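Peer 1: File entry-v3.cif below, mmCIF, C-alpha atoms:
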data_start
#
loop_
_atom_site.label_atom_id
_atom_site.label_comp_id
_atom_site.auth_asym_id
_atom_site.auth_seq_id
_atom_site.Cartn_x
_atom_site.Cartn_y
_atom_site.Cartn_z
CA MET Q 1 0.00 0.00 0.00
CA VAL Q 2 1.35 3.45 -0.95
CA LYS Q 3 1.13 6.12 1.73
CA THR Q 4 -0.69 9.32 0.86
CA GLN Q 5 1.90 11.96 0.11
CA LEU Q 6 2.27 15.69 -0.19
CA THR Q 7 4.04 16.47 -3.44
CA GLY Q 8 5.55 19.75 -4.54
CA THR Q 9 8.59 21.51 -5.94
CA ASP Q 10 11.46 22.51 -3.67
CA ASP Q 11 13.56 25.67 -3.88
CA GLN Q 12 16.05 23.85 -6.16
CA GLY Q 13 13.33 22.92 -8.67
CA GLY Q 14 13.28 19.28 -7.60
CA ALA Q 15 10.23 17.16 -6.93
CA VAL Q 16 9.39 16.48 -3.29
CA ALA Q 17 7.18 13.73 -1.86
CA ILE Q 18 6.49 13.72 1.89
CA PRO Q 19 4.25 11.14 3.57
CA LYS Q 20 1.36 13.12 5.07
CA GLY Q 21 1.73 11.15 8.30
CA ASP Q 22 5.23 12.60 8.79
CA ILE Q 23 4.21 16.28 8.57
CA VAL Q 24 4.44 18.24 11.83
CA PHE Q 25 3.61 21.76 10.65
CA ILE Q 26 3.31 23.97 7.58
CA ARG Q 27 3.75 27.74 7.33
CA GLU Q 28 5.09 30.49 5.11
CA SER Q 29 8.79 31.19 5.57
CA TYR Q 30 9.49 34.34 7.55
CA ARG Q 31 12.70 34.10 9.60
CA SER Q 32 16.11 35.34 8.62
CA GLY Q 33 18.07 32.37 7.36
CA GLU Q 34 14.98 30.88 5.74
CA ILE Q 35 14.35 30.93 2.01
CA PRO Q 36 11.95 33.86 1.44
CA ASP Q 37 8.56 33.53 -0.26
CA ARG Q 38 8.32 29.78 0.23
CA THR Q 39 6.11 27.36 2.11
CA LYS Q 40 8.03 25.61 4.85
CA VAL Q 41 7.06 22.04 5.70
CA ASP Q 42 8.58 20.46 8.82
CA TYR Q 43 8.36 16.69 9.01
CA GLY Q 44 9.91 13.68 10.71
CA THR Q 45 10.70 13.36 14.41
CA ALA Q 46 13.01 15.38 16.66
CA ALA Q 47 15.75 12.81 15.97
CA THR Q 48 15.15 12.86 12.21
CA GLU Q 49 13.90 16.43 11.92
CA GLN Q 50 13.60 17.51 8.31
CA GLU Q 51 12.29 20.56 6.54
CA VAL Q 52 11.70 21.55 2.97
CA TYR Q 53 10.90 24.88 1.35
CA LEU Q 54 8.35 24.50 -1.42
CA VAL Q 55 7.83 27.03 -4.20
CA ASP Q 56 4.16 26.04 -4.07
CA SER Q 57 2.03 28.58 -2.18
CA LEU Q 58 0.71 27.82 1.29
CA THR Q 59 -2.81 27.87 -0.15
CA ALA Q 60 -1.88 25.33 -2.83
CA VAL Q 61 -0.16 23.05 -0.30
CA LEU Q 62 -3.14 23.14 2.08
CA LYS Q 63 -5.55 22.51 -0.80
CA GLN Q 64 -3.52 19.50 -1.89
CA LEU Q 65 -3.59 18.12 1.64
CA GLY Q 66 -7.36 18.54 1.81
CA ALA Q 67 -8.87 16.23 4.40
CA GLY Q 68 -5.76 14.06 4.27
CA LEU Q 69 -4.17 15.97 7.15
CA ALA Q 70 -6.16 17.63 9.93
CA THR Q 71 -4.42 20.83 11.01
CA ALA Q 72 -5.01 23.39 13.71
CA LYS Q 73 -4.52 26.97 12.54
CA LEU Q 74 -2.44 28.86 15.10
CA THR Q 75 -0.06 31.83 15.15
CA THR Q 76 3.71 31.95 15.64
CA PRO Q 77 5.11 34.49 18.13
CA CYS Q 78 6.07 36.66 15.13
CA GLY Q 79 2.47 36.71 13.87
CA THR Q 80 2.73 34.21 11.01
CA VAL Q 81 -0.01 31.60 10.63
CA VAL Q 82 1.18 28.04 11.27
CA HIS Q 83 -0.87 24.94 10.43
CA VAL Q 84 0.03 22.27 13.00
CA ALA Q 85 -0.78 18.61 12.32
CA ALA Q 86 -3.30 18.14 15.14
CA ALA Q 87 -2.76 14.39 15.52
CA ARG Q 88 0.99 14.93 16.08
CA VAL Q 89 0.56 17.19 19.12
CA GLU Q 90 1.48 15.27 22.26
CA THR Q 91 1.56 17.95 24.94
CA VAL Q 92 0.56 21.58 25.43
CA ARG Q 93 2.29 23.58 28.15
CA ALA Q 94 3.28 27.04 29.34
CA PRO Q 95 6.37 28.75 27.92
CA GLN Q 96 9.62 29.09 29.84
CA SER Q 97 11.84 32.16 30.18
CA TRP Q 98 13.98 31.14 27.18
CA HIS Q 99 11.05 31.02 24.75
CA HIS Q 100 10.02 33.95 22.57
CA PRO Q 101 8.51 36.73 24.72
CA LYS Q 102 5.26 36.67 22.69
CA ALA Q 103 4.84 32.88 22.98
CA ARG Q 104 1.91 32.07 25.25
CA THR Q 105 1.82 28.31 24.68
CA ILE Q 106 4.33 25.61 23.72
CA LEU Q 107 3.22 22.56 21.75
CA LEU Q 108 5.27 19.39 21.77
CA ALA Q 109 4.75 17.55 18.49
CA ARG Q 110 6.84 14.53 17.53
CA GLY Q 111 9.50 15.57 20.01
CA ARG Q 112 9.87 19.19 18.95
CA GLU Q 113 8.56 22.44 20.31
CA ILE Q 114 6.25 24.78 18.43
CA GLN Q 115 5.74 28.17 20.04
CA VAL Q 116 2.40 29.90 19.49
CA ARG Q 117 0.70 33.16 20.53
CA GLU Q 118 -2.63 31.62 21.47
CA ASP Q 119 -3.30 30.96 25.14
CA ARG Q 120 -3.34 27.33 26.26
CA ASP Q 121 -7.13 26.93 26.29
CA LEU Q 122 -7.61 28.33 22.79
CA ALA Q 123 -4.72 26.26 21.41
CA LEU Q 124 -6.18 23.11 23.01
CA ARG Q 125 -9.66 23.83 21.61
CA ARG Q 126 -8.31 24.27 18.08
CA ILE Q 127 -6.05 21.21 18.26
CA ASN Q 128 -8.71 18.92 19.73
CA ALA Q 129 -11.35 20.17 17.27
CA ALA Q 130 -9.04 19.26 14.38
CA ARG Q 131 -7.93 15.87 15.73
CA PRO Q 132 -9.43 12.77 14.15
CA ASP Q 133 -12.35 11.28 16.11
CA ARG Q 134 -10.31 8.22 17.03
CA ALA Q 135 -7.45 10.30 18.50
CA LYS Q 136 -7.41 10.84 22.23
CA PRO Q 137 -7.80 14.58 23.05
CA VAL Q 138 -4.75 16.47 24.20
CA ALA Q 139 -5.12 17.78 27.75
#
For the file at hand, write its structure as structure tokens.

Peer 2:
Amino acid sequence: MVKTQLTGTDDQGGAVAIPKGDIVFIRESYRSGEIPDRTKVDYGTAATEQEVYLVDSLTAVLKQLGAGLATAKLTTPCGTVVHVAAARVETVRAPQSWHHPKARTILLARGREIQVREDRDLALRRINAARPDRAKPVA
């Protein structure tokens, strides 16, 4: 059986195929050191963390994913929208002093932290609403 994949074109013009089950989050690039005007897809685990910058727009990537990947729409501390794979979120907790000053909640997804502006209750509501019915809610 072939896994459902996200396909696209990377910043080098090459074809990319990522199993949808490996995706952790998707957002537009915005940080210094990132490739500008691209859609960043983070996938894998903390030990095998990978990322790719697609030339495909965020809208096109999300449309291609369709119902194949349930995401929670949240906001990075810098104000950029991030679509987090809801089923990958393991824990939601308060930020520590070393996190971005505008981060109000930290998500742990596949062993990596995702900082968001939303308060814990709102982040939990959005994540749990997007999780598949069979997935245990995050508390």

Peer 1: Which neighbours of stretch 7-14 of chain Q fall inside 8 Å, counting all atoms listed in the file, when residues of the same chain fewer than 4 positions from it are skipped, and could you give them as a short mmCIF file (atom, residue, chain, number, x, y, z; two decimals) with C-alpha atoms, in the coordinates of the input?

Peer 2:
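The resulting file, result_6.cif, is reproduced below:
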data_model
loop_
_atom_site.label_atom_id
_atom_site.label_comp_id
_atom_site.auth_asym_id
_atom_site.auth_seq_id
_atom_site.Cartn_x
_atom_site.Cartn_y
_atom_site.Cartn_z
CA ILE Q 18 6.49 13.72 1.89
CA ILE Q 35 14.35 30.93 2.01
CA ARG Q 38 8.32 29.78 0.23
CA VAL Q 52 11.70 21.55 2.97
CA TYR Q 53 10.90 24.88 1.35
CA LEU Q 54 8.35 24.50 -1.42
CA VAL Q 55 7.83 27.03 -4.20
CA ASP Q 56 4.16 26.04 -4.07
CA VAL Q 61 -0.16 23.05 -0.30
#

Peer 1: Compile the contact shell of Q:Gly66 as a list in words: residues with an atom at most 12 Å away, counting all atoms listed in the file, same-chain residues fewer than 4 positions apart removed.

Peer 2: Thr4, Gln5, Leu6, Lys20, Thr59, Ala60, Val61, Leu62, Ala70 and Thr71 of chain Q

Peer 1: Near Q:Ile106, counting all atoms listed in the file, which residues have an atom at most 9 Å away, once you skip same-chain residues fewer than 2 positions from it, shown as a list of chain:residue names?

Peer 2: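 Close residues of Q:Ile106: Q:Thr91, Q:Val92, Q:Arg93, Q:Ala94, Q:Pro95, Q:Gln96, Q:His99, Q:Ala103, Q:Arg104, Q:Leu108, Q:Glu113, Q:Ile114, Q:Gln115, Q:Val116, Q:Arg117, Q:Arg120.
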
Peer 1: Name the closest residue to Q:Arg125 among the candidates Q:Gly44, Q:Pro137, Q:Pro19, Q:Gly33; distances are taken between atoms, counting all atoms listed in the file.

Peer 2: Q:Pro137

Peer 1: Convert the output of the PyMOL selection byres ((chain Q and resi 72) around 6) on the shown file into explicit residues, formatted as a ChimeraX atom specification.

Peer 2: /Q:71,73,83-84,86,126-127,130

Peer 1: What does the distance between atom CA of Q:Ala15 and atom CA of Q:Leu58 come to in Å, to one decimal place?

Peer 2: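 Between atom CA of Q:Ala15 and atom CA of Q:Leu58 the gap works out to 16.5 Å.
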
Peer 1: Between Q:Asp37, Q:Glu118, Q:Asp133, Q:Asp22, single out the one closest to Q:Glu49, counting all atoms listed in the file.

Peer 2: Q:Asp22

Peer 1: Go through the shown structure with the PyMOL selection byres ((chain Q and resi 82) around 6) and write out the matching residues as a list in words.

Peer 2: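 Those residues are Ile26, Arg27, Lys73, Leu74, Thr75, Val81 and His83 of chain Q.
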
Peer 1: Please, what distance in Å, to one decimal, runs between atom CA of Q:Gln50 and atom CA of Q:Cys78?

Peer 2: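 Rounded to one decimal, the two atoms are 21.7 Å apart.
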
Peer 1: When you count all atoms listed in the file, which of these residues is closest to Q:Val24: Q:Ala85, Q:Ala47, Q:Ala129, Q:Ala123?

Peer 2: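 Selected residue with least distance to Q:Val24: Q:Ala85.
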
Peer 1: So how far away is atom CA of Q:Thr80 from atom CA of Q:Ser29, in Å?

Peer 2: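 Going from atom CA of Q:Ser29 over to atom CA of Q:Thr80, I get 8.7 Å.
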
Peer 1: Kindly compute an axis-aligned box around the listed atoms of stretch 17-36 of chain Q, allowing 4 Å on each side, and express its centre and edge lengths in Å to one decimal as lines of an AutoDock Vina configuration file.

Peer 2:
center_x = 9.7
center_y = 23.2
center_z = 5.0
size_x = 24.7
size_y = 32.2
size_z = 21.7

Peer 1: Using only C-alpha atoms, can you tell me which of Q:Phe25, Q:Val89, Q:Gly68, Q:Ala139 comes closest to Q:Glu51?

Peer 2: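 Of all the options, Q:Phe25 lies closest to Q:Glu51.
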
Peer 1: When you count all atoms listed in the file, which of these residues is closest to Q:Ala46: Q:Ala87, Q:Ile23, Q:Leu65, Q:Val138?

Peer 2: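 For Q:Ala46, the nearest of the candidates is Q:Ile23.
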
Peer 1: When you count only C-alpha atoms, which of these residues is closest to Q:Tyr43: Q:Lys102, Q:Arg31, Q:Arg88, Q:Lys63?

Peer 2: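 With only C-alpha atoms as the atom set, the closest residue is Q:Arg88.
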
Peer 1: Can you put N, CA and C atoms back into stretch 29-53 of chain Q and show it as a PDB file, in the frame of the given file?

Peer 2:
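Writing the result to selection35.pdb gives the following:
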ATOM      1  N   SER Q  29       7.479  30.857   5.003  1.00  0.00           N
ATOM      2  CA  SER Q  29       8.790  31.190   5.570  1.00  0.00           C
ATOM      3  C   SER Q  29       8.775  32.656   5.996  1.00  0.00           C
ATOM      4  N   TYR Q  30       9.468  32.955   7.081  1.00  0.00           N
ATOM      5  CA  TYR Q  30       9.490  34.340   7.550  1.00  0.00           C
ATOM      6  C   TYR Q  30      10.773  34.723   8.292  1.00  0.00           C
ATOM      7  N   ARG Q  31      11.515  33.787   8.785  1.00  0.00           N
ATOM      8  CA  ARG Q  31      12.700  34.100   9.600  1.00  0.00           C
ATOM      9  C   ARG Q  31      13.910  34.405   8.742  1.00  0.00           C
ATOM     10  N   SER Q  32      14.840  35.163   9.321  1.00  0.00           N
ATOM     11  CA  SER Q  32      16.110  35.340   8.620  1.00  0.00           C
ATOM     12  C   SER Q  32      16.783  33.973   8.589  1.00  0.00           C
ATOM     13  N   GLY Q  33      17.441  33.677   7.520  1.00  0.00           N
ATOM     14  CA  GLY Q  33      18.070  32.370   7.360  1.00  0.00           C
ATOM     15  C   GLY Q  33      17.169  31.388   6.646  1.00  0.00           C
ATOM     16  N   GLU Q  34      15.895  31.732   6.492  1.00  0.00           N
ATOM     17  CA  GLU Q  34      14.980  30.880   5.740  1.00  0.00           C
ATOM     18  C   GLU Q  34      14.899  31.408   4.303  1.00  0.00           C
ATOM     19  N   ILE Q  35      14.506  30.539   3.407  1.00  0.00           N
ATOM     20  CA  ILE Q  35      14.350  30.930   2.010  1.00  0.00           C
ATOM     21  C   ILE Q  35      13.065  31.746   1.903  1.00  0.00           C
ATOM     22  N   PRO Q  36      13.143  33.007   1.467  1.00  0.00           N
ATOM     23  CA  PRO Q  36      11.950  33.860   1.440  1.00  0.00           C
ATOM     24  C   PRO Q  36      10.922  33.414   0.395  1.00  0.00           C
ATOM     25  N   ASP Q  37       9.675  33.784   0.657  1.00  0.00           N
ATOM     26  CA  ASP Q  37       8.560  33.530  -0.260  1.00  0.00           C
ATOM     27  C   ASP Q  37       8.384  32.063  -0.599  1.00  0.00           C
ATOM     28  N   ARG Q  38       8.509  31.222   0.403  1.00  0.00           N
ATOM     29  CA  ARG Q  38       8.320  29.780   0.230  1.00  0.00           C
ATOM     30  C   ARG Q  38       7.373  29.258   1.302  1.00  0.00           C
ATOM     31  N   THR Q  39       6.909  28.045   1.100  1.00  0.00           N
ATOM     32  CA  THR Q  39       6.110  27.360   2.110  1.00  0.00           C
ATOM     33  C   THR Q  39       7.015  26.354   2.787  1.00  0.00           C
ATOM     34  N   LYS Q  40       7.164  26.508   4.089  1.00  0.00           N
ATOM     35  CA  LYS Q  40       8.030  25.610   4.850  1.00  0.00           C
ATOM     36  C   LYS Q  40       7.205  24.456   5.390  1.00  0.00           C
ATOM     37  N   VAL Q  41       7.703  23.239   5.169  1.00  0.00           N
ATOM     38  CA  VAL Q  41       7.060  22.040   5.700  1.00  0.00           C
ATOM     39  C   VAL Q  41       8.078  21.355   6.600  1.00  0.00           C
ATOM     40  N   ASP Q  42       7.743  21.206   7.873  1.00  0.00           N
ATOM     41  CA  ASP Q  42       8.580  20.460   8.820  1.00  0.00           C
ATOM     42  C   ASP Q  42       7.980  19.068   8.952  1.00  0.00           C
ATOM     43  N   TYR Q  43       8.840  18.067   8.910  1.00  0.00           N
ATOM     44  CA  TYR Q  43       8.360  16.690   9.010  1.00  0.00           C
ATOM     45  C   TYR Q  43       9.411  15.821   9.665  1.00  0.00           C
ATOM     46  N   GLY Q  44       9.023  14.599  10.004  1.00  0.00           N
ATOM     47  CA  GLY Q  44       9.910  13.680  10.710  1.00  0.00           C
ATOM     48  C   GLY Q  44       9.757  13.837  12.206  1.00  0.00           C
ATOM     49  N   THR Q  45      10.705  13.285  12.943  1.00  0.00           N
ATOM     50  CA  THR Q  45      10.700  13.360  14.410  1.00  0.00           C
ATOM     51  C   THR Q  45      11.824  14.294  14.849  1.00  0.00           C
ATOM     52  N   ALA Q  46      11.935  14.528  16.162  1.00  0.00           N
ATOM     53  CA  ALA Q  46      13.010  15.380  16.660  1.00  0.00           C
ATOM     54  C   ALA Q  46      14.367  14.792  16.289  1.00  0.00           C
ATOM     55  N   ALA Q  47      14.478  13.466  16.315  1.00  0.00           N
ATOM     56  CA  ALA Q  47      15.750  12.810  15.970  1.00  0.00           C
ATOM     57  C   ALA Q  47      16.025  12.844  14.479  1.00  0.00           C
ATOM     58  N   THR Q  48      14.976  12.854  13.675  1.00  0.00           N
ATOM     59  CA  THR Q  48      15.150  12.860  12.210  1.00  0.00           C
ATOM     60  C   THR Q  48      14.475  14.080  11.616  1.00  0.00           C
ATOM     61  N   GLU Q  49      14.565  15.196  12.329  1.00  0.00           N
ATOM     62  CA  GLU Q  49      13.900  16.430  11.920  1.00  0.00           C
ATOM     63  C   GLU Q  49      14.323  16.832  10.509  1.00  0.00           C
ATOM     64  N   GLN Q  50      13.331  17.086   9.671  1.00  0.00           N
ATOM     65  CA  GLN Q  50      13.600  17.510   8.310  1.00  0.00           C
ATOM     66  C   GLN Q  50      12.679  18.672   7.968  1.00  0.00           C
ATOM     67  N   GLU Q  51      13.109  19.465   7.017  1.00  0.00           N
ATOM     68  CA  GLU Q  51      12.290  20.560   6.540  1.00  0.00           C
ATOM     69  C   GLU Q  51      12.546  20.728   5.054  1.00  0.00           C
ATOM     70  N   VAL Q  52      11.561  21.277   4.380  1.00  0.00           N
ATOM     71  CA  VAL Q  52      11.700  21.550   2.970  1.00  0.00           C
ATOM     72  C   VAL Q  52      10.979  22.862   2.693  1.00  0.00           C
ATOM     73  N   TYR Q  53      11.525  23.631   1.769  1.00  0.00           N
ATOM     74  CA  TYR Q  53      10.900  24.880   1.350  1.00  0.00           C
ATOM     75  C   TYR Q  53      10.339  24.658  -0.046  1.00  0.00           C
TER      76      TYR Q  53
END
